[in-house]
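**Q** My structure is stored as data_6.csv, with CSV, C-alpha atoms.
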chain,number,residue,atom,x,y,z
A,10,MET,CA,51.0,0.2,-18.6
A,11,PRO,CA,48.5,3.0,-17.9
A,12,ALA,CA,45.6,0.7,-18.8
A,13,ILE,CA,46.9,-1.9,-16.4
A,14,LEU,CA,47.2,0.6,-13.6
A,15,SER,CA,43.7,1.9,-14.4
A,16,ALA,CA,42.3,-1.6,-14.3
A,17,ASN,CA,44.1,-2.3,-11.0
A,18,PHE,CA,42.9,1.0,-9.6
A,19,ARG,CA,39.3,0.0,-10.4
A,20,THR,CA,39.7,-3.3,-8.8
A,21,TRP,CA,41.1,-1.8,-5.6
A,22,LEU,CA,38.4,0.9,-5.6
A,23,LEU,CA,35.7,-1.8,-5.7
A,24,ALA,CA,37.4,-3.8,-2.9
A,25,ALA,CA,37.7,-0.6,-0.8
A,26,PHE,CA,34.0,0.3,-1.4
A,27,ILE,CA,32.9,-3.2,-0.4
A,28,ALA,CA,35.2,-3.2,2.7
A,29,PHE,CA,33.9,0.2,3.7
A,30,ALA,CA,30.3,-1.0,3.3
A,31,LEU,CA,30.8,-4.1,5.3
A,32,SER,CA,32.5,-2.2,8.1
A,33,GLY,CA,29.0,-0.6,8.7
A,34,PHE,CA,28.1,-3.7,10.6
A,35,TRP,CA,30.2,-2.6,13.6
A,36,ALA,CA,31.9,0.8,13.0
A,37,THR,CA,28.9,3.2,13.0
A,38,PRO,CA,29.3,6.0,15.4
A,39,TYR,CA,25.8,5.5,16.8
A,40,ASP,CA,23.3,2.6,17.0
A,41,PRO,CA,21.5,2.9,13.6
A,42,SER,CA,18.2,1.8,15.1
A,43,LEU,CA,18.2,3.7,18.4
A,44,GLN,CA,16.0,6.8,18.5
A,45,GLN,CA,18.3,8.7,20.9
A,46,PHE,CA,18.0,12.2,19.3
A,47,ARG,CA,14.3,12.7,19.0
A,48,ASP,CA,14.6,16.3,20.1
A,49,LEU,CA,16.7,16.9,17.0
A,50,ALA,CA,14.4,15.1,14.5
A,51,LEU,CA,14.9,16.2,10.9
A,52,ALA,CA,17.8,18.4,11.9
A,53,GLY,CA,20.3,19.1,9.2
A,54,PRO,CA,24.1,18.3,9.2
A,55,GLN,CA,25.9,19.4,12.3
A,56,TRP,CA,29.0,18.5,14.3
A,57,GLY,CA,28.7,14.8,15.4
A,58,HIS,CA,25.9,14.2,12.9
A,59,TRP,CA,27.3,14.8,9.4
A,60,PHE,CA,24.2,13.7,7.6
A,61,GLY,CA,21.7,15.1,10.2
A,62,ILE,CA,19.0,13.3,12.0
A,63,ASP,CA,16.1,11.4,10.5
A,64,GLY,CA,12.4,11.9,11.3
A,65,LEU,CA,12.5,9.4,14.2
A,66,GLY,CA,15.6,10.9,15.9
A,67,ARG,CA,18.2,8.5,14.6
A,68,ASP,CA,21.7,9.5,13.4
A,69,PHE,CA,21.3,9.3,9.6
A,70,ALA,CA,25.0,8.7,8.8
A,71,SER,CA,24.9,5.6,11.0
A,72,ARG,CA,21.8,4.4,9.3
A,73,LEU,CA,23.3,5.0,5.8
A,74,TRP,CA,26.5,3.2,6.7
A,75,SER,CA,24.8,0.3,8.3
A,76,GLY,CA,22.2,0.2,5.5
A,77,LEU,CA,25.0,0.0,2.9
A,78,GLY,CA,26.6,-2.8,4.8
A,79,ASN,CA,23.3,-4.7,5.0
A,80,THR,CA,22.6,-4.2,1.3
A,81,VAL,CA,26.0,-5.5,0.3
A,82,GLY,CA,25.9,-8.4,2.8
A,83,MET,CA,22.4,-9.5,1.8
A,84,ALA,CA,23.4,-9.3,-1.9
A,85,ALA,CA,26.5,-11.3,-1.3
A,86,GLY,CA,24.5,-13.9,0.6
A,87,ALA,CA,22.0,-14.1,-2.3
A,88,LEU,CA,24.8,-14.4,-4.8
A,89,GLY,CA,26.4,-17.2,-3.0
A,90,LEU,CA,23.2,-19.1,-2.5
A,91,ASN,CA,22.2,-18.4,-6.1
A,92,LEU,CA,25.4,-19.8,-7.6
A,93,THR,CA,25.3,-22.8,-5.3
A,94,LEU,CA,21.8,-23.7,-6.5
A,95,ALA,CA,22.6,-23.0,-10.2
A,96,LEU,CA,25.9,-25.0,-10.1
A,97,SER,CA,24.1,-27.9,-8.4
A,98,ILE,CA,21.4,-28.0,-11.1
A,99,LEU,CA,24.1,-27.8,-13.8
A,100,ALA,CA,25.9,-30.7,-12.2
A,101,LEU,CA,22.6,-32.6,-11.9
A,102,GLU,CA,22.0,-32.2,-15.6
A,103,ARG,CA,25.5,-33.5,-16.4
A,104,THR,CA,25.2,-36.6,-14.2
A,105,LEU,CA,21.6,-37.7,-15.1
A,106,PRO,CA,21.0,-40.0,-18.0
A,107,PRO,CA,20.5,-38.1,-21.3
A,108,GLU,CA,16.7,-38.6,-21.4
A,109,LEU,CA,16.4,-37.1,-17.9
A,110,GLY,CA,19.1,-34.5,-18.4
A,111,ARG,CA,17.2,-32.9,-21.2
A,112,MET,CA,14.3,-32.3,-18.9
A,113,VAL,CA,16.4,-29.9,-16.7
A,114,PRO,CA,16.6,-27.0,-19.2
A,115,LEU,CA,12.9,-27.4,-19.9
A,116,LEU,CA,12.0,-27.1,-16.2
A,117,VAL,CA,14.4,-24.1,-15.9
A,118,SER,CA,12.6,-22.5,-18.8
A,119,ILE,CA,9.3,-22.8,-16.9
A,120,TRP,CA,11.1,-21.4,-13.8
A,121,VAL,CA,12.0,-18.3,-15.8
A,122,ALA,CA,8.4,-17.3,-16.0
A,123,VAL,CA,8.1,-17.0,-12.1
A,124,PRO,CA,8.9,-13.4,-11.0
A,125,VAL,CA,11.1,-12.8,-8.0
A,126,ILE,CA,8.4,-10.8,-6.2
A,127,PHE,CA,6.0,-13.8,-6.5
A,128,ILE,CA,8.6,-16.1,-5.0
A,129,GLY,CA,9.1,-13.6,-2.3
A,130,LEU,CA,5.4,-13.4,-1.5
A,131,ILE,CA,5.1,-17.2,-1.3
A,132,LEU,CA,8.1,-17.4,1.0
A,133,LEU,CA,6.7,-14.7,3.2
A,134,VAL,CA,3.6,-16.8,3.8
A,135,PHE,CA,5.7,-19.7,5.2
A,136,LEU,CA,8.8,-18.0,6.6
A,137,GLY,CA,7.5,-14.6,7.6
A,138,PRO,CA,8.9,-11.2,6.6
A,139,SER,CA,12.6,-10.9,7.3
A,140,ALA,CA,15.9,-10.0,5.6
A,141,GLY,CA,16.7,-13.7,5.3
A,142,THR,CA,13.4,-14.4,3.5
A,143,LEU,CA,14.3,-11.7,0.9
A,144,VAL,CA,17.7,-13.1,0.4
A,145,LEU,CA,16.3,-16.5,-0.2
A,146,ALA,CA,13.6,-15.1,-2.6
A,147,VAL,CA,16.2,-13.2,-4.7
A,148,ALA,CA,18.6,-16.1,-4.7
A,149,VAL,CA,15.9,-18.6,-5.9
A,150,GLY,CA,14.3,-16.2,-8.3
A,151,ASN,CA,17.5,-15.7,-10.2
A,152,VAL,CA,18.6,-19.3,-10.5
A,153,PRO,CA,17.3,-19.7,-14.0
A,154,PHE,CA,19.4,-16.8,-15.2
A,155,ALA,CA,22.5,-18.0,-13.5
A,156,PHE,CA,22.0,-21.6,-14.7
A,157,ARG,CA,21.6,-20.6,-18.3
A,158,GLN,CA,24.7,-18.3,-18.2
A,159,LEU,CA,26.8,-21.0,-16.5
A,160,ARG,CA,25.6,-23.6,-18.9
A,161,VAL,CA,26.6,-21.6,-21.9
A,162,LEU,CA,30.0,-20.8,-20.4
A,163,TRP,CA,30.6,-24.5,-19.5
A,164,GLN,CA,29.6,-25.7,-23.0
A,165,GLU,CA,31.7,-23.0,-24.7
A,166,HIS,CA,34.9,-23.9,-22.7
A,167,ARG,CA,34.3,-27.6,-22.5
A,168,SER,CA,34.3,-27.9,-26.2
A,169,ALA,CA,37.3,-25.6,-26.8
A,170,LEU,CA,40.4,-27.0,-28.7
A,171,TYR,CA,42.7,-26.6,-25.7
A,172,VAL,CA,40.4,-28.8,-23.6
A,173,GLU,CA,40.3,-31.4,-26.3
A,174,ALA,CA,44.1,-31.3,-26.5
A,175,SER,CA,44.4,-31.8,-22.8
A,176,THR,CA,42.0,-34.7,-22.9
A,177,ALA,CA,43.8,-36.3,-25.8
A,178,LEU,CA,47.1,-36.1,-23.8
A,179,GLY,CA,45.5,-38.2,-21.1
A,180,GLY,CA,44.6,-35.4,-18.6
A,181,THR,CA,41.9,-36.3,-16.0
A,182,LEU,CA,38.8,-34.2,-15.7
A,183,ARG,CA,40.2,-32.6,-12.5
A,184,HIS,CA,43.5,-31.8,-14.2
A,185,THR,CA,41.8,-30.5,-17.4
A,186,PHE,CA,39.5,-28.3,-15.3
A,187,GLY,CA,42.2,-26.9,-13.1
A,188,TYR,CA,44.8,-26.2,-15.8
A,189,ALA,CA,42.8,-25.8,-19.0
A,190,ILE,CA,39.2,-24.8,-18.3
A,191,TRP,CA,39.3,-22.7,-15.1
A,192,PRO,CA,42.1,-20.2,-16.2
A,193,ASN,CA,40.1,-19.4,-19.3
A,194,LEU,CA,36.7,-19.6,-17.6
A,195,ARG,CA,37.6,-17.4,-14.6
A,196,PRO,CA,37.2,-13.9,-16.1
A,197,ASP,CA,33.8,-14.8,-17.5
A,198,PHE,CA,32.7,-16.4,-14.3
A,199,PHE,CA,33.7,-13.4,-12.1
A,200,ALA,CA,32.0,-11.0,-14.6
A,201,LEU,CA,28.9,-13.1,-14.2
A,202,CYS,CA,29.2,-12.9,-10.5
A,203,ARG,CA,29.4,-9.1,-10.6
A,204,LEU,CA,26.3,-9.0,-12.9
A,205,ILE,CA,24.3,-11.3,-10.6
A,206,PHE,CA,25.4,-9.3,-7.5
A,207,ALA,CA,24.2,-6.0,-9.1
A,208,ILE,CA,20.8,-7.7,-9.9
A,209,CYS,CA,20.6,-8.9,-6.3
A,210,VAL,CA,21.3,-5.4,-5.0
A,211,LEU,CA,18.5,-3.9,-7.1
A,212,GLU,CA,15.9,-6.6,-6.3
A,213,LEU,CA,16.7,-6.8,-2.6
A,214,SER,CA,16.4,-3.0,-2.3
A,215,GLY,CA,13.2,-3.0,-4.4
A,216,LEU,CA,11.6,-5.7,-2.2
A,217,ALA,CA,12.7,-3.8,0.9
A,218,PHE,CA,11.3,-0.6,-0.5
A,219,LEU,CA,7.9,-2.4,-0.9
A,220,GLY,CA,8.0,-3.2,2.8
A,221,LEU,CA,8.6,-6.9,2.5
A,222,ILE,CA,11.6,-6.9,4.8
A,223,GLY,CA,9.3,-6.8,7.9
A,224,ASP,CA,11.2,-4.9,10.6
A,225,PRO,CA,10.6,-1.2,9.9
A,226,ASP,CA,13.7,-0.2,11.8
A,227,PHE,CA,16.0,-2.6,9.8
A,228,PRO,CA,18.6,-0.4,8.1
A,229,GLU,CA,18.8,-1.3,4.4
A,230,LEU,CA,19.1,1.2,1.6
A,231,GLY,CA,15.7,0.3,0.0
A,232,ALA,CA,14.0,0.3,3.4
A,233,ILE,CA,15.6,3.6,4.3
A,234,LEU,CA,14.2,5.1,1.1
A,235,ARG,CA,10.7,3.9,2.0
A,236,GLN,CA,11.0,5.2,5.6
A,237,ASN,CA,12.0,8.6,4.5
A,238,GLN,CA,9.8,9.1,1.4
A,239,ALA,CA,7.4,11.2,3.4
A,240,TYR,CA,10.2,13.8,4.0
A,241,LEU,CA,11.0,14.2,0.3
A,242,PHE,CA,10.0,17.8,0.2
A,243,GLN,CA,10.8,18.6,3.8
A,244,ARG,CA,14.3,17.1,3.9
A,245,SER,CA,15.1,15.7,0.5
A,246,ALA,CA,18.6,14.6,1.6
A,247,LEU,CA,17.0,11.8,3.6
A,248,VAL,CA,15.9,10.3,0.2
A,249,LEU,CA,18.7,11.4,-2.0
A,250,TRP,CA,21.6,9.9,0.0
A,251,PRO,CA,20.3,6.3,0.0
A,252,GLY,CA,19.6,6.5,-3.7
A,253,LEU,CA,23.1,7.9,-4.4
A,254,LEU,CA,24.7,5.2,-2.3
A,255,LEU,CA,22.8,2.6,-4.4
A,256,CYS,CA,24.0,4.2,-7.6
A,257,GLY,CA,27.5,4.4,-6.2
A,258,LEU,CA,27.5,0.7,-5.3
A,259,LEU,CA,26.3,-0.3,-8.8
A,260,LEU,CA,28.8,2.1,-10.4
A,261,ALA,CA,31.6,0.5,-8.4
A,262,VAL,CA,30.5,-3.0,-9.5
A,263,HIS,CA,30.2,-1.9,-13.1
A,264,SER,CA,33.6,-0.2,-13.1
A,265,GLY,CA,35.2,-3.3,-11.6
A,266,SER,CA,33.7,-5.5,-14.2
A,267,GLN,CA,35.5,-3.5,-16.9
A,268,VAL,CA,38.7,-5.3,-15.7
A,269,ASP,CA,37.3,-8.6,-16.8
A,270,SER,CA,36.3,-7.4,-20.2
A,271,ARG,CA,39.8,-6.4,-21.3
Could you write out this file's structure as structure tokens?
**A**
Amino acid sequence: MPAILSANFRTWLLAAFIAFALSGFWATPYDPSLQQFRDLALAGPQWGHWFGIDGLGRDFASRLWSGLGNTVGMAAGALGLNLTLALSILALERTLPPELGRMVPLLVSIWVAVPVIFIGLILLVFLGPSAGTLVLAVAVGNVPFAFRQLRVLWQEHRSALYVEASTALGGTLRHTFGYAIWPNLRPDFFALCRLIFAICVLELSGLAFLGLIGDPDFPELGAILRQNQAYLFQRSALVLWPGLLLCGLLLAVHSGSQVDSR
């Protein structure tokens, strides 16, 4: 029983962390991009500004909260698009004739050699720098990884004895998937989702730190790190807090994933 409570607690902790992060889209006490406290630039924590003011006169707590929300939202968008593309390619492989279907894993193997940053630079040429461009680059760049993992999971569960038994009893593919495959596949699938989400968080923040997000005022944790690196020795908290939030986000995702491994 304590183990079950602990697992449930970690699940609720992750859900609460994500909910708190996403509330940064509308619940920040100040506009995270408005430079309305320039006379207090680089001021430390004080009443009304619990994390102080950044170098451009913006409330740093609002930027951190909004940045966390943008990081989580962008990573969730990249995850959704990534899984959609990977599942579509997997379905395509299964529906093509065997001769053509065998070409799909080969093409994906070539795709693996293309780094995410290269895909991002290509997309920047055609789409311009923006948060959406980074989301698309990260989603597309991680398709080979998601496809390979989903393919292994599908083959493992599709050939299981309980699936063969369901098929032998006359179950349709829809019935077999809903009542035999999915209940057993679900824990591994959500564990994979958490892993891809964590990868997306790191890659999006890394690309934003490199300045590929375009708008210098856009609040995202990697972009905030880049904006404040010049103040590392003057006000180190402006760099430490975005890094700690990134670590906290990844820790929450990792802790939640322990639930699926039990």
**Q** For a test of reading the model, state the distance in Å between atom CA of A:Ala30 and atom CA of A:Cys256, rounded to one decimal.
**A**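 Separating atom CA of A:Ala30 from atom CA of A:Cys256 is a distance of 13.6 Å.
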**Q** Do you have, as a Markdown table, the list of residues of stretch 93-180 of chain A lying at most 10 Å from stretch 195-199 of chain A, each with its nearest atom pair and that distance in Å to one decimal, counting all atoms listed in the file and ordered by chain then number?
**A**
| residue | atom | partner | partner_atom | distance |
| --- | --- | --- | --- | --- |
| A:Gln158 | CA | A:Phe198 | CA | 9.1 |
| A:Leu159 | CA | A:Phe198 | CA | 7.8 |
| A:Leu162 | CA | A:Asp197 | CA | 7.7 |
| A:Trp163 | CA | A:Phe198 | CA | 9.9 |
**Q** Would you mind telling me which residue in A:Trp120, A:Trp56, A:Phe206, A:Tyr39 lies nearest to A:Phe69 when using only C-alpha atoms?
**A**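 Among A:Trp120, A:Trp56, A:Phe206, A:Tyr39, it is A:Tyr39 that comes nearest to A:Phe69.
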**Q** Record the distance separating atom CA of A:Ala261 and atom CA of A:Arg235, expressed in Å with one decimal.
**A**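 Atom CA of A:Ala261 sits 23.6 Å away from atom CA of A:Arg235.
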**Q** Expressed in Å to a single decimal, how great is the separation between atom CA of A:Leu99 and atom CA of A:Pro153?
**A**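 For atom CA of A:Leu99 relative to atom CA of A:Pro153, the distance reads 10.6 Å.
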**Q** As a ChimeraX atom specification, please: the residues near stretch 82-93 of chain A (cut-off 9 Å, only C-alpha atoms, same-chain neighbours under 5 positions excluded).
**A** /A:30-31,77,98,140-141,143-152,155-156,202,205-211,213
**Q** For each of A:Ile222, A:Ala28, A:Leu254, A:Leu204, take the minimum atom-to-atom distance to A:Gly137, counting only C-alpha atoms, then give the residue where this is smallest.
**A**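 Of A:Ile222, A:Ala28, A:Leu254, A:Leu204, the one nearest A:Gly137 is A:Ile222, counting only C-alpha atoms.
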**Q** Which residue out of A:Arg167, A:Tyr240, A:Phe34, A:Gly223 has the minimum interatomic distance to A:Leu133 when only C-alpha atoms are used?
**A**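 Using only C-alpha atoms, A:Leu133 sits closest to A:Gly223.
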**Q** List every protein, DNA or RNA residue with an atom no more than 7 Å from (16.4, 6.2, 18.7) in the file's coordinates, counting only C-alpha atoms, and format the result as number ranges by chain.
**A** A: 42-47, 65-67
**Q** Restricted to C-alpha atoms, what would the selected residues look like written as a PDB file, keeping the file's coordinate frame?
**A**
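Result file follows (selection_21.pdb):
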ATOM      1  CA  SER A  42      18.200   1.800  15.100  1.00  0.00           C
ATOM      2  CA  LEU A  43      18.200   3.700  18.400  1.00  0.00           C
ATOM      3  CA  GLN A  44      16.000   6.800  18.500  1.00  0.00           C
ATOM      4  CA  GLN A  45      18.300   8.700  20.900  1.00  0.00           C
ATOM      5  CA  PHE A  46      18.000  12.200  19.300  1.00  0.00           C
ATOM      6  CA  ARG A  47      14.300  12.700  19.000  1.00  0.00           C
ATOM      7  CA  LEU A  65      12.500   9.400  14.200  1.00  0.00           C
ATOM      8  CA  GLY A  66      15.600  10.900  15.900  1.00  0.00           C
ATOM      9  CA  ARG A  67      18.200   8.500  14.600  1.00  0.00           C
TER      10      ARG A  67
END
**Q** Which one of A:Gly53, A:Pro114, A:Gly129, A:Pro225 sits closest to A:Asp68 if you count all atoms listed in the file?
**A**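 Between A:Gly53, A:Pro114, A:Gly129, A:Pro225, the residue approaching A:Asp68 most closely is A:Gly53.
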**Q** Using all atoms listed in the file, which of A:Leu230, A:Gly187, A:Phe242, A:Leu22 sits nearest A:Ser214?
**A**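 Nearest to A:Ser214: A:Leu230.
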**Q** For A:Ile128, which residue out of A:Ala200, A:Met112, A:Ile62, A:Leu216 is the nearest one, using all atoms listed in the file?
**A** A:Leu216
**Q** Within 12 Å of A:Asp63, counting only C-alpha atoms, which residues show up once you throw out same-chain ones fewer than 4 positions away? Write them as a count of residues only, please.
**A** 39
